[in-house]
Every structure is written in C-alpha cells, then in structure tokens.
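Shown next: input-v2.tsv, containing TSV, C-alpha atoms and all ligand atoms.
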```
chain	number	residue	atom	x	y	z
O	1	MET	CA	113.86	86.14	54.70
O	2	GLY	CA	113.67	89.12	57.05
O	3	SER	CA	112.37	88.77	60.56
O	4	PRO	CA	108.83	89.95	61.21
O	5	ALA	CA	108.67	93.69	61.80
O	6	HIS	CA	107.67	93.31	65.41
O	7	LEU	CA	110.76	91.24	66.13
O	8	SER	CA	113.26	93.37	64.23
O	9	ALA	CA	116.21	94.81	66.09
O	10	ALA	CA	114.83	98.31	65.61
O	11	SER	CA	111.75	97.71	67.71
O	12	PRO	CA	111.91	96.31	71.23
O	13	ARG	CA	110.71	92.79	71.79
O	14	PRO	CA	107.05	92.79	72.74
O	15	SER	CA	106.94	92.27	76.46
O	16	ARG	CA	104.53	89.34	76.13
O	17	LEU	CA	107.43	87.35	74.75
O	18	LYS	CA	109.52	88.16	77.77
O	19	GLU	CA	109.59	85.51	80.43
O	20	ILE	CA	110.00	86.22	84.11
O	21	ARG	CA	110.88	83.16	86.16
O	22	VAL	CA	109.24	83.18	89.58
O	23	LEU	CA	110.66	80.59	91.94
O	24	GLN	CA	108.74	79.54	95.04
O	25	LEU	CA	111.00	77.93	97.64
O	26	TYR	CA	109.77	74.91	99.59
O	27	PRO	CA	106.01	75.21	98.92
O	28	ARG	CA	105.49	71.71	100.35
O	29	ASP	CA	106.71	72.58	103.85
O	30	MET	CA	106.74	76.36	103.95
O	31	ASN	CA	103.40	77.69	102.81
O	32	ILE	CA	100.79	78.66	105.41
O	33	TYR	CA	98.15	81.34	106.07
O	34	GLY	CA	97.70	81.99	102.39
O	35	ASP	CA	101.35	82.44	101.39
O	36	TYR	CA	100.70	80.75	98.04
O	37	GLY	CA	98.63	83.82	97.20
O	38	ASN	CA	101.91	85.70	96.76
O	39	ALA	CA	102.79	83.43	93.83
O	40	LEU	CA	99.35	83.95	92.30
O	41	VAL	CA	99.59	87.73	92.59
O	42	LEU	CA	103.00	87.82	90.91
O	43	LYS	CA	101.75	85.57	88.12
O	44	ARG	CA	98.66	87.67	87.47
O	45	ARG	CA	100.34	91.06	87.72
O	46	LEU	CA	103.16	89.93	85.40
O	47	GLU	CA	100.49	88.94	82.88
O	48	TRP	CA	98.73	92.27	83.32
O	49	TYR	CA	102.00	94.06	82.65
O	50	GLY	CA	102.40	91.98	79.50
O	51	TYR	CA	105.09	89.54	80.61
O	52	THR	CA	105.00	85.76	80.54
O	53	PRO	CA	105.37	84.36	84.04
O	54	VAL	CA	107.10	81.02	84.37
O	55	MET	CA	106.11	79.61	87.75
O	56	LEU	CA	108.70	77.31	89.32
O	57	SER	CA	108.93	75.57	92.65
O	58	TYR	CA	111.75	74.01	94.57
O	59	ASP	CA	111.41	71.38	97.33
O	60	PRO	CA	114.12	69.41	99.14
O	61	GLY	CA	116.08	67.24	96.75
O	62	ASP	CA	114.90	68.98	93.58
O	63	GLU	CA	117.28	70.30	91.01
O	64	PHE	CA	117.65	74.03	91.61
O	65	PRO	CA	116.01	75.86	88.69
O	66	THR	CA	118.31	77.94	86.51
O	67	ASP	CA	118.18	81.72	86.42
O	68	PRO	CA	115.24	82.59	88.64
O	69	ASP	CA	114.25	86.27	88.35
O	70	ILE	CA	112.11	86.55	91.50
O	71	LEU	CA	112.23	84.27	94.56
O	72	ILE	CA	109.48	83.92	97.13
O	73	GLY	CA	109.04	81.74	100.18
O	74	GLY	CA	106.48	81.30	102.94
O	75	GLY	CA	106.03	80.37	106.55
O	76	GLY	CA	105.73	77.01	108.22
O	77	GLN	CA	105.67	75.14	111.47
O	78	ASP	CA	108.91	74.67	113.39
O	79	SER	CA	108.79	71.05	112.14
O	80	GLY	CA	108.64	72.25	108.52
O	81	GLN	CA	111.64	74.47	109.16
O	82	ASP	CA	113.44	71.44	110.54
O	83	ARG	CA	112.61	69.40	107.43
O	84	ILE	CA	113.99	71.93	104.96
O	85	GLN	CA	116.97	73.10	106.99
O	86	ALA	CA	119.64	70.77	105.58
O	87	ASP	CA	118.50	71.33	102.02
O	88	LEU	CA	118.37	75.11	102.51
O	89	LEU	CA	121.91	75.14	103.85
O	90	GLY	CA	122.90	73.17	100.75
O	91	ILE	CA	121.60	75.85	98.38
O	92	GLY	CA	122.66	78.72	100.66
O	93	LYS	CA	125.66	79.71	98.54
O	94	ARG	CA	123.51	79.96	95.46
O	95	LEU	CA	120.94	82.08	97.29
O	96	HIS	CA	123.67	84.37	98.60
O	97	ALA	CA	124.99	84.82	95.07
O	98	LEU	CA	121.52	85.67	93.75
O	99	ALA	CA	120.99	88.16	96.59
O	100	GLU	CA	124.32	89.85	95.82
O	101	GLN	CA	123.25	90.07	92.16
O	102	ASP	CA	120.28	92.12	93.45
O	103	VAL	CA	117.70	89.52	92.49
O	104	PRO	CA	114.44	90.50	94.22
O	105	MET	CA	113.14	88.11	96.87
O	106	LEU	CA	110.32	88.04	99.40
O	107	MET	CA	110.58	85.63	102.32
O	108	ILE	CA	107.73	85.34	104.80
O	109	CYS	CA	107.88	84.29	108.46
O	110	GLY	CA	109.48	80.82	108.70
O	111	LEU	CA	111.67	81.40	105.65
O	112	TYR	CA	112.33	84.99	106.72
O	113	GLN	CA	113.72	83.51	109.94
O	114	LEU	CA	115.88	81.00	108.05
O	115	PHE	CA	117.17	83.63	105.62
O	116	GLY	CA	118.63	85.04	108.83
O	117	HIS	CA	121.39	83.47	110.89
O	118	PHE	CA	119.27	81.08	112.96
O	119	PHE	CA	116.01	80.32	114.69
O	120	GLU	CA	116.58	79.20	118.26
O	121	THR	CA	113.57	77.28	119.52
O	122	ARG	CA	112.11	77.69	123.02
O	123	GLU	CA	113.81	74.44	123.94
O	124	GLY	CA	117.15	76.00	122.97
O	125	SER	CA	117.92	74.00	119.85
O	126	ARG	CA	119.12	76.01	116.88
O	127	ILE	CA	117.83	75.70	113.35
O	128	SER	CA	120.61	77.29	111.32
O	129	GLY	CA	119.73	79.74	108.59
O	130	ILE	CA	121.74	80.98	105.63
O	131	GLY	CA	122.42	84.52	106.87
O	132	VAL	CA	121.39	86.40	103.73
O	133	LEU	CA	119.59	88.69	106.17
O	134	ASP	CA	121.49	89.90	109.22
O	135	VAL	CA	118.80	88.83	111.71
O	136	GLU	CA	118.51	86.35	114.59
O	137	THR	CA	115.33	84.76	115.89
O	138	TYR	CA	114.52	83.40	119.34
O	139	GLY	CA	111.46	81.26	120.10
O	140	THR	CA	109.35	82.53	123.01
O	141	ASP	CA	106.35	81.37	125.02
O	142	LYS	CA	104.29	84.19	123.62
O	143	ARG	CA	102.69	83.84	120.20
O	144	LEU	CA	102.25	87.08	118.34
O	145	ILE	CA	99.00	86.74	116.44
O	146	GLY	CA	96.84	89.22	114.58
O	147	ASN	CA	96.68	91.95	112.00
O	148	VAL	CA	99.60	94.31	111.56
O	149	VAL	CA	99.82	97.79	110.11
O	150	ALA	CA	103.22	99.26	109.41
O	151	GLU	CA	104.59	102.30	107.59
O	152	SER	CA	107.32	102.08	104.99
O	153	ASP	CA	108.91	105.01	103.13
O	154	GLN	CA	109.03	102.95	99.97
O	155	PHE	CA	105.86	100.87	100.11
O	156	GLY	CA	103.49	103.12	102.04
O	157	THR	CA	101.22	101.47	104.58
O	158	VAL	CA	101.98	97.75	104.73
O	159	ILE	CA	99.16	95.53	105.99
O	160	GLY	CA	99.19	91.83	106.84
O	161	TYR	CA	98.63	89.09	109.39
O	162	GLU	CA	101.25	87.74	111.79
O	163	ASN	CA	101.33	84.43	113.68
O	164	HIS	CA	104.70	83.49	115.16
O	165	SER	CA	106.37	82.62	118.42
O	166	GLY	CA	109.85	83.50	117.19
O	167	GLN	CA	110.99	87.05	117.85
O	168	THR	CA	113.52	88.49	115.43
O	169	TYR	CA	116.27	91.02	116.11
O	170	LEU	CA	118.08	92.92	113.38
O	171	GLY	CA	121.86	93.29	113.12
O	172	ASP	CA	123.68	96.26	111.61
O	173	ASP	CA	123.45	94.99	108.03
O	174	ALA	CA	119.67	94.66	107.96
O	175	ALA	CA	117.27	97.57	107.67
O	176	PRO	CA	113.73	97.24	108.97
O	177	LEU	CA	111.10	96.97	106.26
O	178	ALA	CA	108.53	99.14	108.02
O	179	ALA	CA	107.67	100.83	111.33
O	180	VAL	CA	104.80	99.12	113.13
O	181	THR	CA	101.77	101.20	114.09
O	182	ALA	CA	99.46	98.28	115.03
O	183	GLY	CA	100.49	94.78	116.07
O	184	GLU	CA	104.02	93.60	116.86
O	185	GLY	CA	106.09	92.62	113.80
O	186	ASN	CA	109.66	91.46	114.41
O	187	ASN	CA	109.51	91.42	118.18
O	188	GLN	CA	107.86	93.05	121.17
O	189	ARG	CA	110.67	95.55	121.70
O	190	ASP	CA	111.52	97.43	118.53
O	191	ALA	CA	108.22	98.36	116.83
O	192	HIS	CA	109.45	97.40	113.40
O	193	GLU	CA	108.44	94.79	110.87
O	194	GLY	CA	110.56	92.74	108.52
O	195	ALA	CA	114.05	93.33	107.22
O	196	ARG	CA	115.82	94.15	104.00
O	197	HIS	CA	119.23	93.53	102.49
O	198	ARG	CA	119.72	94.75	98.91
O	199	ASN	CA	116.51	93.54	97.18
O	200	VAL	CA	115.82	90.72	99.63
O	201	LEU	CA	112.76	91.44	101.75
O	202	GLY	CA	111.90	89.44	104.85
O	203	SER	CA	108.54	89.90	106.54
O	204	TYR	CA	106.34	88.26	109.14
O	205	LEU	CA	103.21	89.15	107.26
O	206	HIS	CA	100.97	86.46	105.81
O	207	GLY	CA	97.45	86.96	104.71
O	208	SER	CA	98.60	86.70	101.88
O	209	LEU	CA	100.79	89.78	101.84
O	210	LEU	CA	100.89	90.71	98.16
O	211	PRO	CA	97.15	90.91	97.34
O	212	LYS	CA	96.85	93.61	99.99
O	213	ASN	CA	100.18	95.25	99.19
O	214	PRO	CA	100.51	95.63	95.40
O	215	ALA	CA	103.29	98.19	95.94
O	216	ILE	CA	105.51	95.34	97.17
O	217	ALA	CA	104.44	93.06	94.31
O	218	ASP	CA	105.28	95.78	91.82
O	219	PHE	CA	108.64	96.40	93.47
O	220	LEU	CA	109.54	92.73	92.91
O	221	ILE	CA	108.30	92.84	89.32
O	222	ALA	CA	109.83	96.22	88.46
O	223	THR	CA	113.20	95.15	89.84
O	224	ALA	CA	113.13	91.88	87.90
O	225	VAL	CA	112.11	93.36	84.54
O	226	GLN	CA	114.61	96.18	84.94
O	227	GLN	CA	117.43	93.75	85.62
O	228	LYS	CA	116.53	91.24	82.96
O	229	PHE	CA	115.38	93.46	80.11
O	230	GLY	CA	116.23	97.03	81.11
O	231	ASP	CA	112.50	97.77	81.13
O	232	GLN	CA	111.03	100.47	83.33
O	233	LEU	CA	107.74	99.27	84.74
O	234	GLY	CA	106.61	102.88	85.00
O	235	GLU	CA	106.89	103.29	81.23
O	236	LEU	CA	104.58	100.36	80.60
O	237	ALA	CA	100.88	100.88	80.75
O	238	ALA	CA	99.45	100.16	84.17
O	239	PRO	CA	98.01	96.64	84.24
O	240	GLN	CA	95.59	97.13	81.37
O	241	THR	CA	93.74	93.90	81.53
O	242	ALA	CA	93.21	94.04	85.27
O	243	PRO	CA	89.56	93.79	86.19
O	244	LEU	CA	88.38	97.33	86.78
O	245	PRO	CA	87.28	96.92	90.38
O	246	LEU	CA	90.70	95.58	91.36
O	247	ASP	CA	91.90	98.74	93.07
O	248	ALA	CA	88.61	99.10	94.89
O	249	LEU	CA	88.80	95.47	96.06
O	250	THR	CA	92.40	95.91	97.16
O	251	ASP	CA	91.49	99.04	99.09
O	252	ARG	CA	88.61	97.26	100.78
O	253	ALA	CA	90.77	94.31	101.77
O	254	ARG	CA	93.40	96.70	103.16
O	255	HIS	CA	90.82	98.71	105.04
O	256	ILE	CA	89.14	95.66	106.56
O	257	ALA	CA	92.42	94.01	107.57
O	258	ALA	CA	93.71	97.26	109.07
O	259	SER	CA	90.57	97.91	111.08
O	260	ARG	CA	90.10	94.37	112.41
O	261	PRO	CA	90.81	93.92	116.09
O	262	ARG	CA	93.89	91.83	116.88
I	301	LIG	N1	107.75	78.47	113.48
I	301	LIG	C1	108.01	79.84	113.39
I	301	LIG	C2	107.46	80.65	114.55
I	301	LIG	O1	106.45	80.30	115.13
I	301	LIG	C3	107.44	80.35	112.08
I	301	LIG	C4	105.95	80.48	112.07
I	301	LIG	C5	105.41	80.89	110.75
I	301	LIG	O2	106.05	80.74	109.72
I	301	LIG	N2	104.18	81.39	110.74
I	301	LIG	O3	108.08	81.64	114.90
```
Would you mind writing the file's structure down as structure tokens?
Amino acid sequence: MGSPAHLSAASPRPSRLKEIRVLQLYPRDMNIYGDYGNALVLKRRLEWYGYTPVMLSYDPGDEFPTDPDILIGGGGQDSGQDRIQADLLGIGKRLHALAEQDVPMLMICGLYQLFGHFFETREGSRISGIGVLDVETYGTDKRLIGNVVAESDQFGTVIGYENHSGQTYLGDDAAPLAAVTAGEGNNQRDAHEGARHRNVLGSYLHGSLLPKNPAIADFLIATAVQQKFGDQLGELAAPQTAPLPLDALTDRARHIAASRPR
C-alpha cells in the first residue's frame, strides 16, 4: 500500500505535522512580570505558522527533556535564583552544548543573569551562573524600574519593562542586544540592553516581551524551523489564522508601553 499522497517523499511534510519543542526553564521559580506570556506567544505563533508546538517545562529535579528546539526562561527574586542555582549548574553542560548547536534561546532578567558568569548580590555573595553569555551582574542599591525602548539592527525597536537591582556588564564575547533610547537596560553606564551569543538572547525586558516584540518571537521560531526542518519561515504564509486585528493590537501595545512615563 502506498503512502498517502500528502506524505509521499515527493511532497514536503505538511508543516502541521512538524513538532517544535519549546522548553520553559524553571517556571516555578523564575517567572514574573508576565514572563509566561513568552511561552504563550511562541505556542500561538507556531500554530499560526502551521507547526505543532510541544510545550515543555523543566523545574529542579526534573528529567531534562530531550531535544528541545527553543528554550525560554524568565525572571525571579534573588531567592528564586538561589533555589535553582545548584540545579542550573547541574544542567549547565547540556545548555552550553545546545547553545553551541545554535539552538535559539531567550532568557529574561534573573535567568539572563544566571546564563552569565554570576550574580553578585548587594551583600557580596555570589550566585554562580553557567557562563553561556559572557556577562557579569552586580547587585546595587538602586532598582531600575520602568518601560524601556531600545533599538536593534535585527529586531527594530524593542520595547519592554525592566525591574532589577542587578546591573550587568558585557565581556568581549557578548554583543549587546539593543541600544537603549529610554530607560536603563543592562546598567546605568553603557546605554545598552541585553546580550547575545550565537542564538542565545538575554534581556532584562519583561512585560511580557514577545507579545510586544513579534520580531523576536519570529526570530526564535524561524531559527528553530530552519534548523530542524530546513524550512524558511519567510516562504511560509504569514500567520494565516491570526486574528486580523493582531498587528493593530500589537502596535497599540508597543505604542502605549513606549509612551508611558517611567
Ligand atoms: N533578582 C534579580 C535582580 O533584581 C532579578 C530580578 C528579576 O528577574 N526581575 O536583579
């Protein structure tokens, strides 16, 4: 019996049969100011592009899921960072390997800090990170809070909300994600926001970030589908089943967030 025409070798597999595995790291402890929204945006946009999202999560002590295609992680209190630290160091090698395989990742605030070398608290104790990103973070007495607008060559105007006392400094192997035009971002000195190594993005921006910055969501998705299936996102129809007012709503959310006072 021959295989159905739509599954034959001659025609590509329909993308709806293609699974993309999205792994959220430490949602129990590292997930504040709406960071879970990033998972929801990836899920929905993958569906709109015709893929089947498989949503996975990993908390301390869990078995690490096999073959994740996109990794995301959020922010948390210093105490949450403390709770996950040992476990994170335990899976550090695996995360390094995935990063070097160019797997796309987005780490926000507390996990951005711990994807760097360390977070040194105001009291001087160090929470070690895994050093996927060449950044160091120092706790300060000043909390940087409010909306941020930053310009990126790749992602255009990036808009989000920051709330952190740690200030992050980039080493030679990390490139800033965007140049800050409103707010603070990484620290009060350098006027840049976030960091990047290969396809690993670190950012201070909550809000959540991805609903207001679909260009970053589509970067994560395009990179994953290209790597896994050789698909070019640009060749697929734009999200066809997206509700029509989506772009207008996104634009409004971006505009309002960008024009809000700090
Ligand atoms: N505890 C860290 C800081 O304040 C991270 C905060 C966060 O994730 N929002 O710098």
At most 7 Å is the cut-off: for each residue in chain O with any atom that close to an atom of ligand LIG 301 (chain I), write down the nearest atom pair and the distance in Å rounded to one decimal, counting all atoms listed in the file, chain first then increasing number, as CSV.
```
residue,atom,partner,partner_atom,distance
O:Ile32,CA,I:LIG301,N2,6.9
O:Gly74,CA,I:LIG301,O2,6.8
O:Gly75,CA,I:LIG301,O2,3.2
O:Gly76,CA,I:LIG301,O2,4.0
O:Gln77,CA,I:LIG301,N1,4.4
O:Asp78,CA,I:LIG301,N1,4.0
O:Ile108,CA,I:LIG301,O2,6.9
O:Cys109,CA,I:LIG301,O2,4.2
O:Gly110,CA,I:LIG301,O2,3.6
O:Leu111,CA,I:LIG301,O2,7.0
O:Gly139,CA,I:LIG301,O3,6.2
O:Asn163,CA,I:LIG301,N2,5.1
O:His164,CA,I:LIG301,O1,3.6
O:Ser165,CA,I:LIG301,O1,4.0
O:Gly166,CA,I:LIG301,O3,3.4
O:Gln167,CA,I:LIG301,O3,6.8
```
How about saving the chosen residues, C-alpha atoms kept, as a short mmCIF file (atom, residue, chain, number, x, y, z; two decimals), in the frame of the given file?
```cif
data_model
loop_
_atom_site.label_atom_id
_atom_site.label_comp_id
_atom_site.auth_asym_id
_atom_site.auth_seq_id
_atom_site.Cartn_x
_atom_site.Cartn_y
_atom_site.Cartn_z
CA ILE O 32 100.79 78.66 105.41
CA GLY O 74 106.48 81.30 102.94
CA GLY O 75 106.03 80.37 106.55
CA GLY O 76 105.73 77.01 108.22
CA GLN O 77 105.67 75.14 111.47
CA ASP O 78 108.91 74.67 113.39
CA ILE O 108 107.73 85.34 104.80
CA CYS O 109 107.88 84.29 108.46
CA GLY O 110 109.48 80.82 108.70
CA LEU O 111 111.67 81.40 105.65
CA GLY O 139 111.46 81.26 120.10
CA ASN O 163 101.33 84.43 113.68
CA HIS O 164 104.70 83.49 115.16
CA SER O 165 106.37 82.62 118.42
CA GLY O 166 109.85 83.50 117.19
CA GLN O 167 110.99 87.05 117.85
#
```
Nearest candidate to O:Gly73 (options O:Ser208, O:Ser125, O:Asn147, O:Gln154; using only C-alpha atoms): O:Ser208
Would you mind telling me which residue in O:Pro214, O:Arg122, O:Ile72, O:Ala248 lies nearest to O:Lys142 when using all atoms listed in the file?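 Among O:Pro214, O:Arg122, O:Ile72, O:Ala248, it is O:Arg122 that comes nearest to O:Lys142.
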Every residue with an atom at most 9 Å from (113.1, 76.8, 89.9) (file coordinates; only C-alpha atoms) is what I'm after, so could you write them as a VMD selection string? chain O and resid 21 to 25 55 to 58 62 to 68 71
Of the listed residues O:Phe229, O:Val180, O:Glu120, O:Ala215, that which approaches O:Tyr51 most closely, counting all atoms listed in the file: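 Closest to O:Tyr51 of all the choices is O:Phe229.
Taking atom CA of O:Asn31 and atom CA of O:Glu100 as the two end points, the separation is 25.2 Å.
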Just give me the gap between atom CA of O:Gly171 and atom CA of O:Leu201 in Å, one decimal is fine. 14.7 Å
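For the choices O:Leu98, O:Leu17, O:Ile159, O:Met30, the atom-to-atom distance to O:Leu114 is smallest for O:Met30 when using only C-alpha atoms.
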Might you pull out every residue within 12 Å of O:Val148, with only C-alpha atoms counted and same-chain residues fewer than 4 positions away left off, and present them as number ranges by chain? O: 144, 157-163, 178-186, 191-194, 203-207, 209, 212, 254-262
Enumerate, as a PyMOL selection string, the protein, DNA and RNA residues whose atoms approach (105.5, 95.1, 95.2) to within 12 Å, taking into account only C-alpha atoms and the coordinate frame of the file. chain O and resi 38+41-42+45-46+70+104-106+154-156+158+199+201+209-224+233
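Among the candidates O:Pro60, O:Gly230, O:Gly90, O:Pro53, the residue lying nearest to O:Lys18 is O:Pro53 (atoms considered: only C-alpha atoms).
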Can you measure atom CA of O:Gln232 to atom CA of O:Arg44 for me? One decimal in Å is fine.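 Atom CA of O:Arg44 lies 18.3 Å from atom CA of O:Gln232.
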Long-range neighbours of O:Gln113 as a PyMOL selection string, 8 Å cut-off, only C-alpha atoms, 4 positions minimum in chain: chain O and resi 109+117-119+129+135-137+168
Of the candidates O:Asp82, O:Asp69, O:Asp153, O:Asp172, which one gets nearest to O:Ser128 if we count all atoms listed in the file? O:Asp82
Within 9 Å of O:Ala99, counting all atoms listed in the file, which residues qualify if same-chain residues fewer than 2 places away don't, as a short mmCIF file (atom, residue, chain, number, x, y, z; two decimals) with C-alpha atoms, in the frame of the given file?
```cif
data_model
loop_
_atom_site.label_atom_id
_atom_site.label_comp_id
_atom_site.auth_asym_id
_atom_site.auth_seq_id
_atom_site.Cartn_x
_atom_site.Cartn_y
_atom_site.Cartn_z
CA ARG O 94 123.51 79.96 95.46
CA LEU O 95 120.94 82.08 97.29
CA HIS O 96 123.67 84.37 98.60
CA ALA O 97 124.99 84.82 95.07
CA GLN O 101 123.25 90.07 92.16
CA ASP O 102 120.28 92.12 93.45
CA VAL O 103 117.70 89.52 92.49
CA PRO O 104 114.44 90.50 94.22
CA MET O 105 113.14 88.11 96.87
CA VAL O 132 121.39 86.40 103.73
CA HIS O 197 119.23 93.53 102.49
CA ARG O 198 119.72 94.75 98.91
CA ASN O 199 116.51 93.54 97.18
CA VAL O 200 115.82 90.72 99.63
#
```
